[in-house]
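Note sheet for the following structure.
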Amino acid sequence: MKRITLAVLALGLLASPALAQNASQIGAAQNGANCPKCNLFQADLVGRTLKNKNFAGARLRQADLGLGIFNGSNFSGADLRDVNGSAALFGRASFAGADMTNANFVGAYLEHANFRGANLSGVNFSGAEMSSATGLTQTQFDSACGDESTQAPAGIRVPVCNQ
């Protein structure tokens with residue numbers, strides 16, 4: 001019985017889809033391709049100019065988007081957990097329905113970005129410019145944080161990040 005259980009477990013592991021990054025998809029995205037539903041886990045997109053790109057539903061978990069330009073890009077429904085988006089430009093980007101848990105958007109430009117239904121749990125928006133962002137609710141922002149220089153939309157109170 002023990003051997004059968006181990007065999008079934010082994011088959012289950014072999015049949016599971018790989019969750020590691022996809023080098024060819026990362027390369028395509030780095031070169032400016034649209035990449036909806038791509039596996040960009042831990043992708044290095046630092047300083048890239050990727051305006052108006054489609055990353056809807058993509059897995060960008062632990063990706064580094066710091067200092068990049070992503071204005072007008074679509075991250076709707078994407079896995080953005082633990083992403084570094086510090087000092088990047090996301091003007092008019094869509095994060096609708098995205099999971100942004102524990103992401104870093106320190107000093108990011110997020111004007112006119114859409115956050116409707118996004119999970120902002122643990123997101124650091126310290127110094128972010130987002131006064132014209134849309135789809136944000138106080139409930140969403142209560143699980144995120146920022147600092148005195150965070151420019152949130154009118155009526156949104158910014159909890160201060162713990163040091």
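Convention: chains lettered A, B, ... in structure tokens order; per-chain residue numbering from 1; ligands numbered from 1 as shown.
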When DSSP works through the backbone of this structure, what residues of region 25-113 of chain A end up as helix (DSSP H, G or I), shown as a list in words?
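DSSP on the backbone gives helix (DSSP H, G or I) at Gln25, Ile26, Gly27, Ala28, Ala29 and Gln30 of chain A.
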May I have the residues from that selection written out with N, CA and C atoms, as a CSV table (one decimal), in the first residue's frame?
```csv
chain,number,residue,atom,x,y,z
A,25,GLN,N,9.5,33.2,-22.5
A,25,GLN,CA,8.5,34.2,-22.3
A,25,GLN,C,9.1,35.5,-21.7
A,26,ILE,N,10.0,35.3,-20.7
A,26,ILE,CA,10.7,36.5,-20.1
A,26,ILE,C,11.4,37.2,-21.2
A,27,GLY,N,12.2,36.5,-22.0
A,27,GLY,CA,12.9,37.2,-23.1
A,27,GLY,C,12.0,37.9,-24.0
A,28,ALA,N,10.9,37.4,-24.4
A,28,ALA,CA,10.0,38.0,-25.3
A,28,ALA,C,9.4,39.3,-24.6
A,29,ALA,N,9.1,39.2,-23.3
A,29,ALA,CA,8.6,40.4,-22.6
A,29,ALA,C,9.7,41.5,-22.5
A,30,GLN,N,10.9,41.1,-22.2
A,30,GLN,CA,12.0,42.0,-22.1
A,30,GLN,C,12.2,42.8,-23.4
```
Name the residues in contact with Val160 (chain A) at a cut-off of 9 Å, using only C-alpha atoms, excluding same-chain residues fewer than 5 positions from it; report them as an NGL selection string.
:A and (126 or 144-148)
Could you name the residues that touch Glu129 (chain A) at 8 Å or less, counting only C-alpha atoms, but leaving out those on the same chain fewer than 3 positions away, as a PDB file with N, CA, C and O atoms, in the first residue's frame?
```
ATOM      1  N   GLY A 107       7.803  55.166  -4.197  1.00  0.00           N
ATOM      2  CA  GLY A 107       8.186  56.196  -5.159  1.00  0.00           C
ATOM      3  C   GLY A 107       7.662  55.972  -6.568  1.00  0.00           C
ATOM      4  O   GLY A 107       8.130  56.616  -7.510  1.00  0.00           O
ATOM      5  N   ALA A 108       6.690  55.099  -6.733  1.00  0.00           N
ATOM      6  CA  ALA A 108       6.149  54.810  -8.072  1.00  0.00           C
ATOM      7  C   ALA A 108       5.161  55.891  -8.502  1.00  0.00           C
ATOM      8  O   ALA A 108       4.502  56.532  -7.685  1.00  0.00           O
ATOM      9  N   TYR A 109       5.061  56.066  -9.798  1.00  0.00           N
ATOM     10  CA  TYR A 109       4.099  56.982 -10.397  1.00  0.00           C
ATOM     11  C   TYR A 109       2.918  56.152 -10.871  1.00  0.00           C
ATOM     12  O   TYR A 109       3.054  55.318 -11.771  1.00  0.00           O
ATOM     13  N   LEU A 110       1.757  56.355 -10.231  1.00  0.00           N
ATOM     14  CA  LEU A 110       0.563  55.539 -10.473  1.00  0.00           C
ATOM     15  C   LEU A 110      -0.654  56.393 -10.809  1.00  0.00           C
ATOM     16  O   LEU A 110      -1.791  55.990 -10.568  1.00  0.00           O
ATOM     17  N   GLU A 111      -0.421  57.583 -11.375  1.00  0.00           N
ATOM     18  CA  GLU A 111      -1.531  58.476 -11.696  1.00  0.00           C
ATOM     19  C   GLU A 111      -2.439  57.841 -12.753  1.00  0.00           C
ATOM     20  O   GLU A 111      -1.965  57.265 -13.729  1.00  0.00           O
ATOM     21  N   THR A 150       3.048  60.015   0.451  1.00  0.00           N
ATOM     22  CA  THR A 150       2.182  59.271  -0.473  1.00  0.00           C
ATOM     23  C   THR A 150       1.035  60.173  -0.899  1.00  0.00           C
ATOM     24  O   THR A 150       0.373  60.772  -0.057  1.00  0.00           O
ATOM     25  N   GLN A 151       0.809  60.286  -2.186  1.00  0.00           N
ATOM     26  CA  GLN A 151      -0.268  61.118  -2.719  1.00  0.00           C
ATOM     27  C   GLN A 151      -1.421  60.217  -3.131  1.00  0.00           C
ATOM     28  O   GLN A 151      -1.485  59.757  -4.270  1.00  0.00           O
ATOM     29  N   ALA A 152      -2.313  59.950  -2.184  1.00  0.00           N
ATOM     30  CA  ALA A 152      -3.464  59.073  -2.419  1.00  0.00           C
ATOM     31  C   ALA A 152      -4.645  59.887  -2.940  1.00  0.00           C
ATOM     32  O   ALA A 152      -4.696  61.108  -2.775  1.00  0.00           O
TER      33      ALA A 152
END
```
Test item: residues at most 9 Å from region 56-72 of chain A, only C-alpha atoms, excluding those fewer than 2 positions along its chain, as a compact mmCIF listing (two decimals) with all heavy atoms, in the first residue's frame:
```
# COMPACT_ATOMS: atom_id res chain seq x y z
N GLN A 21 9.99 29.85 -13.72
CA GLN A 21 9.91 30.88 -14.76
C GLN A 21 10.07 30.28 -16.15
O GLN A 21 10.61 29.20 -16.33
CB GLN A 21 10.98 31.94 -14.52
CG GLN A 21 12.37 31.40 -14.53
CD GLN A 21 13.41 32.42 -14.09
OE1 GLN A 21 14.53 32.27 -14.45
NE2 GLN A 21 13.08 33.43 -13.32
N CYS A 35 2.46 39.90 -23.41
CA CYS A 35 2.64 38.58 -22.82
C CYS A 35 1.51 38.25 -21.84
O CYS A 35 1.74 38.00 -20.66
CB CYS A 35 4.00 38.52 -22.12
SG CYS A 35 4.79 36.91 -22.19
N PRO A 36 0.25 38.25 -22.30
CA PRO A 36 -0.85 37.89 -21.40
C PRO A 36 -0.72 36.43 -20.98
O PRO A 36 -0.34 35.58 -21.78
CB PRO A 36 -2.10 38.13 -22.24
CG PRO A 36 -1.64 38.02 -23.65
CD PRO A 36 -0.21 38.51 -23.66
N LYS A 37 -1.02 36.18 -19.73
CA LYS A 37 -1.00 34.84 -19.13
C LYS A 37 0.38 34.16 -19.20
O LYS A 37 0.48 32.95 -19.08
CB LYS A 37 -2.07 33.95 -19.75
CG LYS A 37 -3.48 34.47 -19.50
CD LYS A 37 -4.54 33.53 -20.00
CE LYS A 37 -5.91 34.13 -19.71
NZ LYS A 37 -6.98 33.30 -20.22
N CYS A 38 1.42 34.93 -19.39
CA CYS A 38 2.77 34.38 -19.42
C CYS A 38 3.27 34.08 -18.01
O CYS A 38 2.79 34.64 -17.04
CB CYS A 38 3.74 35.37 -20.07
SG CYS A 38 3.58 35.50 -21.85
N ASN A 39 4.26 33.21 -17.93
CA ASN A 39 4.92 32.91 -16.67
C ASN A 39 6.21 33.70 -16.60
O ASN A 39 7.24 33.30 -17.14
CB ASN A 39 5.20 31.41 -16.54
CG ASN A 39 5.74 31.05 -15.18
OD1 ASN A 39 6.02 31.91 -14.35
ND2 ASN A 39 5.89 29.77 -14.92
N LEU A 40 6.13 34.87 -15.96
CA LEU A 40 7.27 35.78 -15.84
C LEU A 40 7.78 35.82 -14.41
O LEU A 40 8.27 36.83 -13.93
CB LEU A 40 6.85 37.17 -16.32
CG LEU A 40 6.26 37.24 -17.73
CD1 LEU A 40 5.78 38.65 -18.05
CD2 LEU A 40 7.23 36.73 -18.76
N PHE A 41 7.68 34.69 -13.73
CA PHE A 41 8.13 34.57 -12.34
C PHE A 41 9.57 35.02 -12.23
O PHE A 41 10.44 34.57 -12.98
CB PHE A 41 7.98 33.11 -11.90
CG PHE A 41 8.48 32.80 -10.52
CD1 PHE A 41 7.86 33.32 -9.41
CD2 PHE A 41 9.56 31.96 -10.34
CE1 PHE A 41 8.31 33.03 -8.13
CE2 PHE A 41 10.02 31.64 -9.08
CZ PHE A 41 9.39 32.19 -7.97
N GLN A 42 9.84 35.95 -11.34
CA GLN A 42 11.17 36.50 -11.05
C GLN A 42 11.83 37.16 -12.27
O GLN A 42 13.05 37.25 -12.35
CB GLN A 42 12.09 35.43 -10.48
CG GLN A 42 11.64 34.92 -9.14
CD GLN A 42 12.55 33.86 -8.56
OE1 GLN A 42 13.23 33.13 -9.28
NE2 GLN A 42 12.58 33.78 -7.24
N ALA A 43 11.03 37.64 -13.20
CA ALA A 43 11.59 38.30 -14.39
C ALA A 43 12.33 39.58 -14.01
O ALA A 43 11.91 40.31 -13.12
CB ALA A 43 10.47 38.63 -15.38
N ASP A 44 13.42 39.85 -14.71
CA ASP A 44 14.19 41.07 -14.52
C ASP A 44 13.77 42.05 -15.62
O ASP A 44 14.20 41.92 -16.77
CB ASP A 44 15.69 40.77 -14.61
CG ASP A 44 16.54 42.02 -14.41
OD1 ASP A 44 15.98 43.13 -14.27
OD2 ASP A 44 17.78 41.88 -14.41
N LEU A 45 12.91 42.99 -15.24
CA LEU A 45 12.44 44.02 -16.17
C LEU A 45 12.89 45.40 -15.70
O LEU A 45 12.28 46.41 -16.04
CB LEU A 45 10.92 43.94 -16.31
CG LEU A 45 10.36 42.60 -16.82
CD1 LEU A 45 8.83 42.61 -16.78
CD2 LEU A 45 10.87 42.28 -18.20
N VAL A 46 13.97 45.44 -14.94
CA VAL A 46 14.49 46.69 -14.38
C VAL A 46 14.83 47.67 -15.50
O VAL A 46 15.53 47.33 -16.46
CB VAL A 46 15.75 46.44 -13.52
CG1 VAL A 46 16.38 47.75 -13.06
CG2 VAL A 46 15.42 45.57 -12.33
N GLY A 47 14.29 48.88 -15.37
CA GLY A 47 14.61 49.95 -16.29
C GLY A 47 14.08 49.78 -17.71
O GLY A 47 14.42 50.56 -18.59
N ARG A 48 13.23 48.79 -17.95
CA ARG A 48 12.69 48.55 -19.30
C ARG A 48 11.58 49.55 -19.62
O ARG A 48 10.83 49.97 -18.74
CB ARG A 48 12.11 47.14 -19.42
CG ARG A 48 13.07 46.04 -19.15
CD ARG A 48 14.00 45.81 -20.31
NE ARG A 48 14.97 44.77 -19.95
CZ ARG A 48 15.60 44.04 -20.81
NH1 ARG A 48 15.40 44.20 -22.08
NH2 ARG A 48 16.47 43.14 -20.40
N THR A 49 11.49 49.93 -20.88
CA THR A 49 10.38 50.74 -21.34
C THR A 49 9.42 49.80 -22.05
O THR A 49 9.70 49.32 -23.16
CB THR A 49 10.86 51.85 -22.30
OG1 THR A 49 11.75 52.71 -21.58
CG2 THR A 49 9.69 52.67 -22.83
N LEU A 50 8.31 49.51 -21.38
CA LEU A 50 7.30 48.58 -21.90
C LEU A 50 5.93 49.25 -21.81
O LEU A 50 5.05 48.82 -21.07
CB LEU A 50 7.35 47.26 -21.12
CG LEU A 50 8.67 46.50 -21.21
CD1 LEU A 50 8.69 45.33 -20.24
CD2 LEU A 50 8.91 46.03 -22.63
N LYS A 51 5.74 50.32 -22.55
CA LYS A 51 4.49 51.07 -22.54
C LYS A 51 3.40 50.31 -23.30
O LYS A 51 3.67 49.67 -24.32
CB LYS A 51 4.67 52.43 -23.21
CG LYS A 51 5.63 53.35 -22.51
CD LYS A 51 5.75 54.64 -23.30
CE LYS A 51 6.78 55.57 -22.72
NZ LYS A 51 6.97 56.76 -23.57
N ASN A 52 2.16 50.43 -22.78
CA ASN A 52 0.97 49.89 -23.45
C ASN A 52 1.08 48.40 -23.77
O ASN A 52 0.60 47.94 -24.80
CB ASN A 52 0.66 50.68 -24.73
CG ASN A 52 0.44 52.14 -24.43
OD1 ASN A 52 -0.35 52.50 -23.56
ND2 ASN A 52 1.16 53.00 -25.13
N LYS A 53 1.69 47.63 -22.88
CA LYS A 53 1.84 46.19 -23.07
C LYS A 53 0.74 45.45 -22.33
O LYS A 53 0.21 45.92 -21.34
CB LYS A 53 3.22 45.70 -22.61
CG LYS A 53 4.37 46.32 -23.38
CD LYS A 53 4.26 46.04 -24.86
CE LYS A 53 5.32 46.77 -25.64
NZ LYS A 53 5.06 46.79 -27.06
N ASN A 54 0.44 44.25 -22.79
CA ASN A 54 -0.60 43.43 -22.18
C ASN A 54 0.04 42.30 -21.38
O ASN A 54 0.63 41.38 -21.97
CB ASN A 54 -1.53 42.86 -23.25
CG ASN A 54 -2.68 42.08 -22.66
OD1 ASN A 54 -2.83 41.95 -21.44
ND2 ASN A 54 -3.52 41.54 -23.52
N ASN A 74 -1.37 46.76 -19.18
CA ASN A 74 -2.48 46.04 -18.57
C ASN A 74 -1.96 44.88 -17.72
O ASN A 74 -1.43 43.92 -18.27
CB ASN A 74 -3.42 45.52 -19.66
CG ASN A 74 -4.62 44.80 -19.12
OD1 ASN A 74 -4.83 44.70 -17.90
ND2 ASN A 74 -5.44 44.28 -20.00
N PHE A 75 -2.11 45.02 -16.40
CA PHE A 75 -1.75 43.97 -15.45
C PHE A 75 -3.00 43.38 -14.81
O PHE A 75 -2.93 42.79 -13.74
CB PHE A 75 -0.83 44.54 -14.36
CG PHE A 75 0.49 45.06 -14.86
CD1 PHE A 75 0.66 46.41 -15.15
CD2 PHE A 75 1.56 44.21 -15.04
CE1 PHE A 75 1.87 46.90 -15.61
CE2 PHE A 75 2.79 44.68 -15.50
CZ PHE A 75 2.94 46.03 -15.79
N SER A 76 -4.15 43.51 -15.45
CA SER A 76 -5.42 43.04 -14.89
C SER A 76 -5.34 41.54 -14.60
O SER A 76 -4.91 40.75 -15.43
CB SER A 76 -6.57 43.29 -15.86
OG SER A 76 -6.73 44.66 -16.09
N GLY A 77 -5.75 41.18 -13.39
CA GLY A 77 -5.78 39.77 -13.00
C GLY A 77 -4.42 39.11 -12.88
O GLY A 77 -4.33 37.90 -12.74
N ALA A 78 -3.36 39.89 -12.91
CA ALA A 78 -2.00 39.33 -12.84
C ALA A 78 -1.61 38.99 -11.41
O ALA A 78 -2.14 39.53 -10.45
CB ALA A 78 -1.00 40.32 -13.43
N ASP A 79 -0.66 38.07 -11.29
CA ASP A 79 -0.05 37.71 -10.00
C ASP A 79 1.16 38.61 -9.82
O ASP A 79 2.21 38.38 -10.43
CB ASP A 79 0.36 36.24 -10.00
CG ASP A 79 1.01 35.79 -8.69
OD1 ASP A 79 1.25 36.64 -7.80
OD2 ASP A 79 1.29 34.58 -8.56
N LEU A 80 0.99 39.65 -9.03
CA LEU A 80 2.05 40.63 -8.78
C LEU A 80 2.54 40.55 -7.33
O LEU A 80 3.07 41.52 -6.80
CB LEU A 80 1.55 42.04 -9.09
CG LEU A 80 1.13 42.29 -10.53
CD1 LEU A 80 0.45 43.64 -10.67
CD2 LEU A 80 2.33 42.21 -11.46
N ARG A 81 2.38 39.38 -6.72
CA ARG A 81 2.83 39.23 -5.34
C ARG A 81 4.34 39.41 -5.26
O ARG A 81 5.08 38.89 -6.09
CB ARG A 81 2.45 37.87 -4.78
CG ARG A 81 0.94 37.69 -4.60
CD ARG A 81 0.57 36.29 -4.18
NE ARG A 81 0.84 35.36 -5.29
CZ ARG A 81 0.90 34.04 -5.15
NH1 ARG A 81 0.73 33.48 -3.98
NH2 ARG A 81 1.13 33.29 -6.21
N ASP A 82 4.77 40.18 -4.26
CA ASP A 82 6.19 40.39 -3.97
C ASP A 82 6.94 41.07 -5.11
O ASP A 82 8.17 40.95 -5.21
CB ASP A 82 6.88 39.06 -3.61
CG ASP A 82 6.18 38.35 -2.48
OD1 ASP A 82 6.02 38.95 -1.41
OD2 ASP A 82 5.78 37.18 -2.67
N VAL A 83 6.25 41.79 -5.99
CA VAL A 83 6.88 42.51 -7.10
C VAL A 83 7.59 43.75 -6.58
O VAL A 83 7.12 44.40 -5.65
CB VAL A 83 5.81 42.90 -8.15
CG1 VAL A 83 6.25 44.04 -9.02
CG2 VAL A 83 5.44 41.71 -8.99
N ASN A 84 8.70 44.10 -7.20
CA ASN A 84 9.35 45.37 -6.94
C ASN A 84 9.01 46.31 -8.08
O ASN A 84 9.46 46.10 -9.22
CB ASN A 84 10.87 45.22 -6.83
CG ASN A 84 11.55 46.58 -6.68
OD1 ASN A 84 10.98 47.49 -6.08
ND2 ASN A 84 12.74 46.73 -7.23
N GLY A 85 8.20 47.32 -7.78
CA GLY A 85 7.85 48.33 -8.77
C GLY A 85 8.31 49.70 -8.31
O GLY A 85 7.73 50.71 -8.67
N SER A 86 9.39 49.74 -7.52
CA SER A 86 9.84 51.00 -6.95
C SER A 86 10.36 51.95 -8.03
O SER A 86 11.03 51.54 -8.97
CB SER A 86 10.92 50.76 -5.89
OG SER A 86 12.05 50.16 -6.47
N ALA A 87 9.97 53.21 -7.89
CA ALA A 87 10.38 54.30 -8.77
C ALA A 87 10.05 54.04 -10.24
O ALA A 87 10.68 54.60 -11.12
CB ALA A 87 11.86 54.61 -8.59
N ALA A 88 9.07 53.19 -10.51
CA ALA A 88 8.66 52.90 -11.89
C ALA A 88 7.45 53.76 -12.25
O ALA A 88 6.75 54.28 -11.38
CB ALA A 88 8.33 51.42 -12.03
N LEU A 89 7.21 53.88 -13.55
CA LEU A 89 6.10 54.67 -14.05
C LEU A 89 4.99 53.74 -14.53
O LEU A 89 5.20 52.93 -15.45
CB LEU A 89 6.56 55.56 -15.21
CG LEU A 89 7.74 56.49 -14.93
CD1 LEU A 89 8.12 57.28 -16.18
CD2 LEU A 89 7.44 57.41 -13.77
N PHE A 90 3.82 53.88 -13.89
CA PHE A 90 2.66 53.07 -14.21
C PHE A 90 1.44 53.95 -14.51
O PHE A 90 0.32 53.60 -14.18
CB PHE A 90 2.32 52.14 -13.04
CG PHE A 90 3.36 51.11 -12.73
CD1 PHE A 90 4.27 51.32 -11.71
CD2 PHE A 90 3.42 49.92 -13.44
CE1 PHE A 90 5.23 50.36 -11.39
CE2 PHE A 90 4.38 48.96 -13.14
CZ PHE A 90 5.29 49.18 -12.12
N GLY A 91 1.64 55.11 -15.10
CA GLY A 91 0.53 55.99 -15.43
C GLY A 91 -0.48 55.30 -16.33
O GLY A 91 -0.10 54.65 -17.30
N ARG A 92 -1.74 55.38 -15.98
CA ARG A 92 -2.85 54.79 -16.74
C ARG A 92 -2.75 53.26 -16.89
O ARG A 92 -3.38 52.67 -17.75
CB ARG A 92 -3.00 55.45 -18.10
CG ARG A 92 -3.33 56.93 -18.01
CD ARG A 92 -3.80 57.52 -19.31
NE ARG A 92 -3.97 58.95 -19.21
CZ ARG A 92 -4.99 59.57 -18.63
NH1 ARG A 92 -5.96 58.87 -18.10
NH2 ARG A 92 -5.06 60.88 -18.60
N ALA A 93 -1.96 52.61 -16.05
CA ALA A 93 -1.88 51.15 -16.07
C ALA A 93 -3.12 50.58 -15.38
O ALA A 93 -3.74 51.23 -14.54
CB ALA A 93 -0.63 50.67 -15.35
N SER A 94 -3.46 49.34 -15.72
CA SER A 94 -4.58 48.68 -15.06
C SER A 94 -4.07 47.53 -14.21
O SER A 94 -3.38 46.63 -14.70
CB SER A 94 -5.59 48.13 -16.07
OG SER A 94 -6.63 47.46 -15.37
N PHE A 95 -4.44 47.60 -12.92
CA PHE A 95 -4.16 46.53 -11.96
C PHE A 95 -5.47 45.90 -11.49
O PHE A 95 -5.53 45.26 -10.46
CB PHE A 95 -3.40 47.09 -10.76
CG PHE A 95 -2.07 47.70 -11.11
CD1 PHE A 95 -1.91 49.08 -11.20
CD2 PHE A 95 -0.97 46.89 -11.36
CE1 PHE A 95 -0.68 49.64 -11.53
CE2 PHE A 95 0.26 47.44 -11.68
CZ PHE A 95 0.41 48.82 -11.77
N ALA A 98 -5.88 42.38 -9.83
CA ALA A 98 -4.54 41.80 -9.66
C ALA A 98 -4.28 41.49 -8.18
O ALA A 98 -4.82 42.15 -7.29
CB ALA A 98 -3.47 42.76 -10.16
N MET A 100 -1.61 41.92 -5.64
CA MET A 100 -0.40 42.70 -5.44
C MET A 100 0.18 42.51 -4.04
O MET A 100 0.97 43.33 -3.58
CB MET A 100 -0.72 44.17 -5.72
CG MET A 100 -1.27 44.41 -7.12
SD MET A 100 -1.87 46.08 -7.41
CE MET A 100 -0.32 46.96 -7.51
N ALA A 103 3.74 43.76 -2.45
CA ALA A 103 4.52 44.41 -3.50
C ALA A 103 5.13 45.71 -2.97
O ALA A 103 4.66 46.29 -2.00
CB ALA A 103 3.64 44.69 -4.71
N PHE A 105 5.90 49.45 -4.13
CA PHE A 105 5.70 50.52 -5.09
C PHE A 105 6.18 51.85 -4.50
O PHE A 105 5.59 52.90 -4.72
CB PHE A 105 4.23 50.59 -5.52
CG PHE A 105 3.85 49.51 -6.50
CD1 PHE A 105 3.36 48.30 -6.06
CD2 PHE A 105 4.02 49.70 -7.86
CE1 PHE A 105 3.03 47.29 -6.95
CE2 PHE A 105 3.70 48.69 -8.77
CZ PHE A 105 3.21 47.49 -8.31
N ALA A 108 6.69 55.10 -6.73
CA ALA A 108 6.15 54.81 -8.07
C ALA A 108 5.16 55.89 -8.50
O ALA A 108 4.50 56.53 -7.69
CB ALA A 108 5.46 53.45 -8.08
N LEU A 110 1.76 56.36 -10.23
CA LEU A 110 0.56 55.54 -10.47
C LEU A 110 -0.65 56.39 -10.81
O LEU A 110 -1.79 55.99 -10.57
CB LEU A 110 0.28 54.68 -9.23
CG LEU A 110 1.38 53.67 -8.88
CD1 LEU A 110 1.38 53.34 -7.40
CD2 LEU A 110 1.23 52.42 -9.71
N ALA A 113 -3.98 55.18 -12.66
CA ALA A 113 -3.96 53.72 -12.67
C ALA A 113 -5.27 53.19 -12.09
O ALA A 113 -5.87 53.81 -11.22
CB ALA A 113 -2.77 53.19 -11.87
```
Closest of A:Gln140, A:Thr134, A:Ser24, A:Ser73 to Pro159 (chain A) - atom-to-atom distances counting only C-alpha atoms
A:Gln140
